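Novice: See query38.txt below, with compact mmCIF, N, CA and C atoms.
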```txt
# COMPACT_ATOMS: atom_id res chain seq x y z
N MET A 66 -120.12 124.55 38.84
CA MET A 66 -120.24 124.27 40.25
C MET A 66 -121.04 122.99 40.47
N LYS A 67 -120.62 122.22 41.45
CA LYS A 67 -121.40 121.07 41.91
C LYS A 67 -121.90 121.43 43.30
N ALA A 68 -123.12 121.01 43.60
CA ALA A 68 -123.72 121.30 44.91
C ALA A 68 -123.95 119.99 45.67
N PHE A 69 -123.98 120.10 46.98
CA PHE A 69 -124.22 118.96 47.86
C PHE A 69 -125.24 119.39 48.91
N LEU A 70 -126.24 118.55 49.16
CA LEU A 70 -127.31 118.87 50.11
C LEU A 70 -127.28 117.90 51.28
N ASP A 71 -127.58 118.40 52.46
CA ASP A 71 -127.68 117.50 53.61
C ASP A 71 -129.15 117.25 53.96
N THR A 72 -129.36 116.42 54.95
CA THR A 72 -130.70 116.01 55.37
C THR A 72 -131.58 117.19 55.73
N SER A 73 -131.02 118.19 56.41
CA SER A 73 -131.84 119.32 56.86
C SER A 73 -132.50 120.03 55.68
N VAL A 74 -131.82 120.10 54.56
CA VAL A 74 -132.37 120.77 53.37
C VAL A 74 -133.43 119.89 52.71
N LEU A 75 -133.17 118.60 52.60
CA LEU A 75 -134.16 117.71 51.98
C LEU A 75 -135.46 117.66 52.77
N VAL A 76 -135.35 117.52 54.09
CA VAL A 76 -136.54 117.44 54.93
C VAL A 76 -137.35 118.73 54.82
N ALA A 77 -136.68 119.87 54.90
CA ALA A 77 -137.38 121.16 54.82
C ALA A 77 -138.08 121.32 53.47
N ALA A 78 -137.44 120.86 52.41
CA ALA A 78 -138.03 120.98 51.08
C ALA A 78 -139.29 120.12 50.93
N LEU A 79 -139.31 118.99 51.60
CA LEU A 79 -140.42 118.04 51.45
C LEU A 79 -141.63 118.35 52.32
N LEU A 80 -141.44 119.05 53.42
CA LEU A 80 -142.53 119.28 54.37
C LEU A 80 -143.03 120.72 54.28
N PRO A 81 -144.20 120.95 53.70
CA PRO A 81 -144.71 122.31 53.49
C PRO A 81 -144.87 123.11 54.78
N PHE A 82 -145.04 122.45 55.90
CA PHE A 82 -145.23 123.14 57.17
C PHE A 82 -143.91 123.39 57.90
N HIS A 83 -142.80 122.95 57.34
CA HIS A 83 -141.49 123.14 57.97
C HIS A 83 -141.13 124.63 57.94
N GLU A 84 -140.53 125.13 59.00
CA GLU A 84 -140.20 126.56 59.09
C GLU A 84 -139.23 127.03 58.01
N ARG A 85 -138.47 126.13 57.44
CA ARG A 85 -137.49 126.49 56.41
C ARG A 85 -137.91 125.99 55.02
N HIS A 86 -139.17 125.60 54.87
CA HIS A 86 -139.65 125.03 53.61
C HIS A 86 -139.43 125.97 52.42
N ALA A 87 -139.80 127.24 52.55
CA ALA A 87 -139.71 128.16 51.41
C ALA A 87 -138.27 128.28 50.91
N GLU A 88 -137.31 128.41 51.83
CA GLU A 88 -135.91 128.54 51.43
C GLU A 88 -135.41 127.27 50.75
N ALA A 89 -135.72 126.12 51.35
CA ALA A 89 -135.25 124.85 50.79
C ALA A 89 -135.87 124.58 49.43
N LEU A 90 -137.16 124.83 49.30
CA LEU A 90 -137.84 124.59 48.03
C LEU A 90 -137.30 125.51 46.94
N ALA A 91 -137.07 126.78 47.27
CA ALA A 91 -136.51 127.72 46.29
C ALA A 91 -135.13 127.25 45.83
N LEU A 92 -134.32 126.76 46.75
CA LEU A 92 -132.99 126.25 46.39
C LEU A 92 -133.11 125.05 45.45
N MET A 93 -134.00 124.12 45.78
CA MET A 93 -134.19 122.94 44.94
C MET A 93 -134.59 123.34 43.52
N LYS A 94 -135.52 124.27 43.41
CA LYS A 94 -135.97 124.72 42.10
C LYS A 94 -134.83 125.39 41.34
N GLU A 95 -134.04 126.19 42.03
CA GLU A 95 -132.91 126.87 41.40
C GLU A 95 -131.87 125.86 40.90
N LEU A 96 -131.51 124.91 41.75
CA LEU A 96 -130.50 123.92 41.37
C LEU A 96 -130.97 123.06 40.21
N ARG A 97 -132.18 122.57 40.32
CA ARG A 97 -132.71 121.70 39.26
C ARG A 97 -132.91 122.47 37.96
N GLY A 98 -133.46 123.66 38.07
CA GLY A 98 -133.72 124.48 36.88
C GLY A 98 -132.46 124.91 36.15
N SER A 99 -131.38 125.11 36.90
CA SER A 99 -130.12 125.55 36.29
C SER A 99 -129.29 124.38 35.77
N GLY A 100 -129.71 123.15 36.09
CA GLY A 100 -128.95 121.99 35.67
C GLY A 100 -127.69 121.76 36.49
N THR A 101 -127.61 122.39 37.65
CA THR A 101 -126.45 122.20 38.53
C THR A 101 -126.36 120.74 38.95
N GLU A 102 -125.19 120.15 38.82
CA GLU A 102 -124.98 118.77 39.27
C GLU A 102 -125.10 118.79 40.79
N THR A 103 -126.09 118.08 41.31
CA THR A 103 -126.42 118.15 42.73
C THR A 103 -126.34 116.76 43.36
N TRP A 104 -125.67 116.69 44.49
CA TRP A 104 -125.37 115.42 45.16
C TRP A 104 -125.93 115.37 46.57
N ILE A 105 -126.18 114.16 47.03
CA ILE A 105 -126.44 113.86 48.43
C ILE A 105 -125.61 112.63 48.78
N ALA A 106 -125.43 112.38 50.06
CA ALA A 106 -124.78 111.14 50.50
C ALA A 106 -125.83 110.04 50.57
N GLY A 107 -125.41 108.81 50.35
CA GLY A 107 -126.32 107.68 50.52
C GLY A 107 -126.92 107.70 51.91
N HIS A 108 -126.10 108.04 52.91
CA HIS A 108 -126.59 108.12 54.29
C HIS A 108 -127.68 109.19 54.41
N THR A 109 -127.54 110.29 53.68
CA THR A 109 -128.53 111.37 53.73
C THR A 109 -129.89 110.89 53.23
N LEU A 110 -129.88 110.11 52.17
CA LEU A 110 -131.14 109.57 51.63
C LEU A 110 -131.86 108.73 52.68
N VAL A 111 -131.12 107.85 53.34
CA VAL A 111 -131.71 106.98 54.36
C VAL A 111 -132.12 107.78 55.59
N GLU A 112 -131.30 108.75 55.97
CA GLU A 112 -131.63 109.57 57.14
C GLU A 112 -132.88 110.41 56.88
N THR A 113 -133.02 110.92 55.66
CA THR A 113 -134.22 111.69 55.33
C THR A 113 -135.47 110.81 55.41
N TYR A 114 -135.39 109.60 54.90
CA TYR A 114 -136.49 108.63 55.02
C TYR A 114 -136.83 108.41 56.50
N ALA A 115 -135.81 108.22 57.32
CA ALA A 115 -136.03 107.98 58.76
C ALA A 115 -136.69 109.18 59.43
N VAL A 116 -136.24 110.38 59.08
CA VAL A 116 -136.84 111.59 59.66
C VAL A 116 -138.30 111.72 59.24
N LEU A 117 -138.57 111.52 57.95
CA LEU A 117 -139.94 111.64 57.46
C LEU A 117 -140.88 110.65 58.16
N THR A 118 -140.44 109.41 58.29
CA THR A 118 -141.32 108.39 58.88
C THR A 118 -141.43 108.53 60.39
N GLY A 119 -140.54 109.29 61.00
CA GLY A 119 -140.60 109.51 62.44
C GLY A 119 -141.11 110.88 62.83
N TYR A 120 -141.38 111.72 61.84
CA TYR A 120 -141.80 113.10 62.10
C TYR A 120 -143.18 113.10 62.78
N PRO A 121 -143.34 113.90 63.83
CA PRO A 121 -144.60 113.87 64.59
C PRO A 121 -145.74 114.62 63.90
N THR A 122 -146.16 114.12 62.76
CA THR A 122 -147.30 114.73 62.06
C THR A 122 -148.54 113.89 62.32
N LYS A 123 -149.69 114.49 62.08
CA LYS A 123 -150.94 113.75 62.16
C LYS A 123 -151.66 113.94 60.84
N PRO A 124 -151.86 112.92 60.07
CA PRO A 124 -151.39 111.56 60.30
C PRO A 124 -149.88 111.45 60.05
N ARG A 125 -149.30 110.38 60.56
CA ARG A 125 -147.86 110.14 60.38
C ARG A 125 -147.58 109.88 58.90
N ILE A 126 -146.35 110.14 58.50
CA ILE A 126 -145.92 109.81 57.15
C ILE A 126 -145.43 108.36 57.19
N GLY A 127 -146.13 107.48 56.50
CA GLY A 127 -145.78 106.07 56.50
C GLY A 127 -144.61 105.77 55.57
N PRO A 128 -144.05 104.58 55.67
CA PRO A 128 -142.92 104.19 54.83
C PRO A 128 -143.18 104.33 53.33
N ARG A 129 -144.34 103.89 52.86
CA ARG A 129 -144.64 103.99 51.43
C ARG A 129 -144.68 105.44 50.97
N GLU A 130 -145.33 106.27 51.76
CA GLU A 130 -145.45 107.69 51.42
C GLU A 130 -144.08 108.36 51.43
N ALA A 131 -143.26 108.07 52.43
CA ALA A 131 -141.92 108.66 52.52
C ALA A 131 -141.08 108.26 51.30
N CYS A 132 -141.13 107.00 50.94
CA CYS A 132 -140.38 106.52 49.78
C CYS A 132 -140.88 107.19 48.51
N ARG A 133 -142.18 107.31 48.37
CA ARG A 133 -142.76 107.98 47.20
C ARG A 133 -142.30 109.43 47.13
N MET A 134 -142.33 110.13 48.26
CA MET A 134 -141.93 111.54 48.31
C MET A 134 -140.47 111.69 47.85
N LEU A 135 -139.62 110.82 48.34
CA LEU A 135 -138.20 110.90 47.98
C LEU A 135 -137.98 110.61 46.50
N LYS A 136 -138.60 109.53 46.00
CA LYS A 136 -138.42 109.16 44.59
C LYS A 136 -138.97 110.23 43.66
N GLU A 137 -140.18 110.70 43.94
CA GLU A 137 -140.82 111.67 43.04
C GLU A 137 -140.10 113.01 43.02
N ASN A 138 -139.58 113.43 44.16
CA ASN A 138 -138.97 114.75 44.25
C ASN A 138 -137.48 114.75 43.91
N PHE A 139 -136.79 113.65 44.16
CA PHE A 139 -135.34 113.66 44.02
C PHE A 139 -134.76 112.56 43.14
N GLY A 140 -135.53 111.50 42.91
CA GLY A 140 -134.98 110.32 42.24
C GLY A 140 -134.42 110.57 40.86
N ALA A 141 -135.00 111.48 40.12
CA ALA A 141 -134.58 111.69 38.73
C ALA A 141 -133.40 112.64 38.58
N TRP A 142 -133.05 113.39 39.64
CA TRP A 142 -132.01 114.40 39.40
C TRP A 142 -130.90 114.47 40.44
N LEU A 143 -131.12 114.01 41.65
CA LEU A 143 -130.04 114.05 42.64
C LEU A 143 -129.12 112.85 42.44
N LYS A 144 -127.82 113.10 42.48
CA LYS A 144 -126.83 112.02 42.41
C LYS A 144 -126.50 111.61 43.84
N VAL A 145 -126.18 110.33 44.03
CA VAL A 145 -125.93 109.80 45.37
C VAL A 145 -124.47 109.37 45.48
N ALA A 146 -123.76 109.96 46.44
CA ALA A 146 -122.36 109.61 46.69
C ALA A 146 -122.27 108.64 47.87
N THR A 147 -121.49 107.60 47.68
CA THR A 147 -121.21 106.64 48.75
C THR A 147 -119.71 106.36 48.75
N LEU A 148 -119.26 105.75 49.79
CA LEU A 148 -117.87 105.33 49.86
C LEU A 148 -117.77 103.87 49.44
N ALA A 149 -116.67 103.52 48.84
CA ALA A 149 -116.40 102.13 48.50
C ALA A 149 -115.90 101.42 49.77
N ARG A 150 -115.85 100.11 49.71
CA ARG A 150 -115.47 99.30 50.88
C ARG A 150 -114.18 99.80 51.53
N GLU A 151 -113.13 99.94 50.78
CA GLU A 151 -111.85 100.37 51.36
C GLU A 151 -111.91 101.80 51.88
N GLU A 152 -112.72 102.62 51.23
CA GLU A 152 -112.86 104.01 51.69
C GLU A 152 -113.50 104.09 53.07
N TYR A 153 -114.40 103.16 53.38
CA TYR A 153 -114.98 103.13 54.72
C TYR A 153 -113.91 102.83 55.76
N TRP A 154 -113.02 101.90 55.46
CA TRP A 154 -111.94 101.58 56.40
C TRP A 154 -111.00 102.77 56.56
N ASP A 155 -110.69 103.44 55.46
CA ASP A 155 -109.86 104.64 55.53
C ASP A 155 -110.56 105.72 56.36
N PHE A 156 -111.87 105.85 56.14
CA PHE A 156 -112.66 106.84 56.88
C PHE A 156 -112.60 106.57 58.38
N LEU A 157 -112.82 105.30 58.77
CA LEU A 157 -112.78 104.97 60.19
C LEU A 157 -111.40 105.23 60.79
N GLY A 158 -110.35 104.96 60.03
CA GLY A 158 -109.00 105.25 60.51
C GLY A 158 -108.79 106.74 60.73
N GLU A 159 -109.27 107.54 59.78
CA GLU A 159 -109.16 108.99 59.91
C GLU A 159 -110.00 109.51 61.07
N ALA A 160 -111.21 108.98 61.23
CA ALA A 160 -112.06 109.39 62.35
C ALA A 160 -111.40 109.07 63.68
N THR A 161 -110.77 107.91 63.75
CA THR A 161 -110.07 107.51 64.97
C THR A 161 -108.93 108.48 65.26
N GLU A 162 -108.15 108.79 64.25
CA GLU A 162 -107.00 109.71 64.41
C GLU A 162 -107.46 111.10 64.86
N LYS A 163 -108.61 111.53 64.37
CA LYS A 163 -109.12 112.86 64.70
C LYS A 163 -110.03 112.85 65.93
N ASN A 164 -110.16 111.68 66.57
CA ASN A 164 -110.96 111.54 67.78
C ASN A 164 -112.43 111.92 67.55
N ILE A 165 -112.96 111.56 66.38
CA ILE A 165 -114.36 111.82 66.06
C ILE A 165 -115.17 110.65 66.60
N ALA A 166 -116.21 110.96 67.36
CA ALA A 166 -116.99 109.90 68.01
C ALA A 166 -118.48 110.26 68.02
N GLY A 167 -119.30 109.28 68.35
CA GLY A 167 -120.73 109.51 68.50
C GLY A 167 -121.37 109.98 67.20
N GLY A 168 -122.39 110.83 67.34
CA GLY A 168 -123.14 111.33 66.20
C GLY A 168 -122.30 112.12 65.22
N ARG A 169 -121.20 112.73 65.68
CA ARG A 169 -120.31 113.48 64.80
C ARG A 169 -119.72 112.57 63.71
N THR A 170 -119.67 111.27 64.00
CA THR A 170 -119.15 110.32 63.01
C THR A 170 -119.98 110.38 61.73
N TYR A 171 -121.29 110.48 61.86
CA TYR A 171 -122.16 110.55 60.69
C TYR A 171 -121.98 111.87 59.94
N ASP A 172 -121.78 112.97 60.67
CA ASP A 172 -121.50 114.25 60.01
C ASP A 172 -120.21 114.14 59.19
N ALA A 173 -119.19 113.52 59.77
CA ALA A 173 -117.92 113.34 59.07
C ALA A 173 -118.10 112.44 57.85
N LEU A 174 -118.91 111.41 57.98
CA LEU A 174 -119.18 110.51 56.85
C LEU A 174 -119.86 111.26 55.71
N ILE A 175 -120.86 112.06 56.03
CA ILE A 175 -121.56 112.84 55.01
C ILE A 175 -120.59 113.83 54.36
N ALA A 176 -119.74 114.45 55.15
CA ALA A 176 -118.74 115.37 54.60
C ALA A 176 -117.77 114.62 53.69
N GLY A 177 -117.41 113.41 54.06
CA GLY A 177 -116.54 112.60 53.21
C GLY A 177 -117.18 112.30 51.86
N CYS A 178 -118.48 112.02 51.86
CA CYS A 178 -119.21 111.79 50.61
C CYS A 178 -119.29 113.09 49.80
N ALA A 179 -119.45 114.21 50.49
CA ALA A 179 -119.49 115.50 49.80
C ALA A 179 -118.15 115.76 49.11
N ARG A 180 -117.05 115.49 49.81
CA ARG A 180 -115.74 115.66 49.19
C ARG A 180 -115.58 114.73 47.99
N LYS A 181 -116.00 113.49 48.13
CA LYS A 181 -115.88 112.53 47.03
C LYS A 181 -116.68 112.98 45.81
N SER A 182 -117.82 113.62 46.03
CA SER A 182 -118.66 114.08 44.92
C SER A 182 -118.00 115.22 44.13
N GLY A 183 -117.06 115.90 44.76
CA GLY A 183 -116.41 117.04 44.11
C GLY A 183 -117.20 118.33 44.24
N ALA A 184 -118.25 118.33 45.06
CA ALA A 184 -119.07 119.53 45.24
C ALA A 184 -118.26 120.63 45.91
N THR A 185 -118.42 121.83 45.42
CA THR A 185 -117.72 122.97 45.99
C THR A 185 -118.63 123.85 46.85
N ARG A 186 -119.93 123.57 46.81
CA ARG A 186 -120.86 124.28 47.69
C ARG A 186 -121.75 123.26 48.38
N TRP A 187 -121.69 123.24 49.71
CA TRP A 187 -122.49 122.32 50.52
C TRP A 187 -123.60 123.13 51.17
N TYR A 188 -124.85 122.72 50.96
CA TYR A 188 -125.99 123.42 51.55
C TYR A 188 -126.50 122.67 52.77
N THR A 189 -126.71 123.41 53.84
CA THR A 189 -127.21 122.85 55.09
C THR A 189 -127.85 123.96 55.92
N PHE A 190 -128.75 123.58 56.80
CA PHE A 190 -129.26 124.50 57.81
C PHE A 190 -128.51 124.28 59.12
N ASN A 191 -127.54 123.37 59.12
CA ASN A 191 -126.77 123.02 60.32
C ASN A 191 -125.29 123.26 60.09
N PHE A 192 -124.91 124.52 59.95
CA PHE A 192 -123.53 124.86 59.64
C PHE A 192 -122.55 124.26 60.65
N ARG A 193 -122.89 124.30 61.92
CA ARG A 193 -121.98 123.79 62.95
C ARG A 193 -121.63 122.33 62.74
N ASP A 194 -122.53 121.56 62.14
CA ASP A 194 -122.28 120.14 61.94
C ASP A 194 -121.22 119.89 60.86
N PHE A 195 -121.17 120.75 59.85
CA PHE A 195 -120.31 120.48 58.71
C PHE A 195 -119.14 121.44 58.55
N GLY A 196 -119.21 122.60 59.15
CA GLY A 196 -118.12 123.58 59.06
C GLY A 196 -116.75 122.99 59.36
N PRO A 197 -116.61 122.21 60.44
CA PRO A 197 -115.29 121.67 60.77
C PRO A 197 -114.73 120.69 59.74
N PHE A 198 -115.56 120.18 58.86
CA PHE A 198 -115.10 119.17 57.91
C PHE A 198 -114.83 119.74 56.51
N ALA A 199 -115.12 121.02 56.31
CA ALA A 199 -114.88 121.63 55.01
C ALA A 199 -113.38 121.80 54.80
N ARG A 200 -113.00 121.75 53.55
CA ARG A 200 -111.60 121.95 53.17
C ARG A 200 -111.52 123.18 52.28
N PRO A 201 -110.31 123.69 52.05
CA PRO A 201 -110.19 124.86 51.16
C PRO A 201 -110.88 124.61 49.82
N GLY A 202 -111.54 125.65 49.33
CA GLY A 202 -112.25 125.54 48.06
C GLY A 202 -113.68 125.09 48.19
N VAL A 203 -114.13 124.83 49.43
CA VAL A 203 -115.51 124.41 49.68
C VAL A 203 -116.22 125.51 50.47
N GLU A 204 -117.39 125.88 49.99
CA GLU A 204 -118.22 126.85 50.70
C GLU A 204 -119.39 126.12 51.34
N ILE A 205 -119.60 126.36 52.63
CA ILE A 205 -120.77 125.80 53.31
C ILE A 205 -121.80 126.94 53.35
N ALA A 206 -122.96 126.68 52.77
CA ALA A 206 -123.97 127.72 52.61
C ALA A 206 -125.31 127.27 53.15
N GLN A 207 -126.07 128.23 53.60
CA GLN A 207 -127.44 127.98 54.01
C GLN A 207 -128.34 128.48 52.89
N PRO A 208 -129.38 127.73 52.56
CA PRO A 208 -130.30 128.24 51.53
C PRO A 208 -130.78 129.64 51.89
N ALA A 209 -130.80 130.52 50.91
CA ALA A 209 -131.16 131.91 51.14
C ALA A 209 -132.62 132.04 51.54
N PRO A 210 -132.90 133.01 52.42
CA PRO A 210 -134.30 133.25 52.78
C PRO A 210 -135.14 133.53 51.53
N ALA A 211 -136.32 132.97 51.51
CA ALA A 211 -137.19 133.17 50.36
C ALA A 211 -137.70 134.59 50.34
N SER A 212 -137.72 135.20 49.15
CA SER A 212 -138.25 136.56 49.04
C SER A 212 -139.75 136.49 48.86
N HIS A 213 -140.43 137.38 49.50
CA HIS A 213 -141.90 137.36 49.46
C HIS A 213 -142.41 138.36 48.50
```
For the file at hand, write its structure as structure tokens.
Specialist:
Amino acid sequence: MKAFLDTSVLVAALLPFHERHAEALALMKELRGSGTETWIAGHTLVETYAVLTGYPTKPRIGPREACRMLKENFGAWLKVATLAREEYWDFLGEATEKNIAGGRTYDALIAGCARKSGATRWYTFNFRDFGPFARPGVEIAQPAPASH
């Protein structure tokens, strides 16, 4: 199995005070420990950085700290899927045909990267964002509640 993670899972795993931290962290440990090939979209990496640096914490998470957190926690084991130049044009054509607009465009882009990675299980806390983009043979899953 190959796994794919979205921004909601990465952010929750990185922030100890996040309401979903325990579930996300347990999933990360399970995936990494089992050697499961695990992917994110290039957009997800940048979006996670943006969320971390904009998160209303005191003190704020600065750019250097956010970058350090991402590299130290994910740099050595998460694979990053991106689209090639022509694939972006194909993606925009498909989005146009399906009348995908606004913020949903980014959800569709992330789903496109997930498909390109070959992942058969996509993890997210935002099922509604990705459910419509799954194809047969793909399971959209939420990290399991942590057992106490």
Novice: List as a VMD selection string the protein and nucleic acid residues near Ala106 of chain A, meaning an atom at most 7 Å away when only C-alpha atoms are counted, but skip any in the same chain fewer than 2 places from it.
Specialist: chain A and resid 104 108 to 110 145 to 147 175 178 to 179
Novice: If DSSP is run on the backbone, what residues of segment 81-209 of chain A are alpha helix (DSSP H)? A reply as an MDAnalysis selection string would be ideal.
Specialist: chainID A and resid 86:99 107:119 128:139 150:162 169:182 192:195
Novice: Between atom CA of Ala160 of chain A and atom CA of Ala173 of chain A, what distance in Å does the model show, to one decimal?
Specialist: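 It comes out at 7.8 Å.
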Novice: Given only C-alpha atoms as the basis, pick out the residue of A:Glu137, A:Gly119, A:Gly98, A:Pro197 nearest to Lys163 of chain A.
Specialist: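 Among the listed residues, the smallest separation from Lys163 of chain A belongs to A:Pro197.
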Novice: Give me, please, the distance in Å between atom CA of Tyr114 of chain A and atom C of Ala131 of chain A, quoted to one decimal.
Specialist: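 Between atom CA of Tyr114 of chain A and atom C of Ala131 of chain A the gap works out to 5.9 Å.
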Novice: So that I can check the secondary structure, give me every residue of segment 81-206 of chain A assigned strand (DSSP E) by backbone DSSP, as a ChimeraX atom specification.
Specialist: /A:102-106,144-146,186-188,204-206
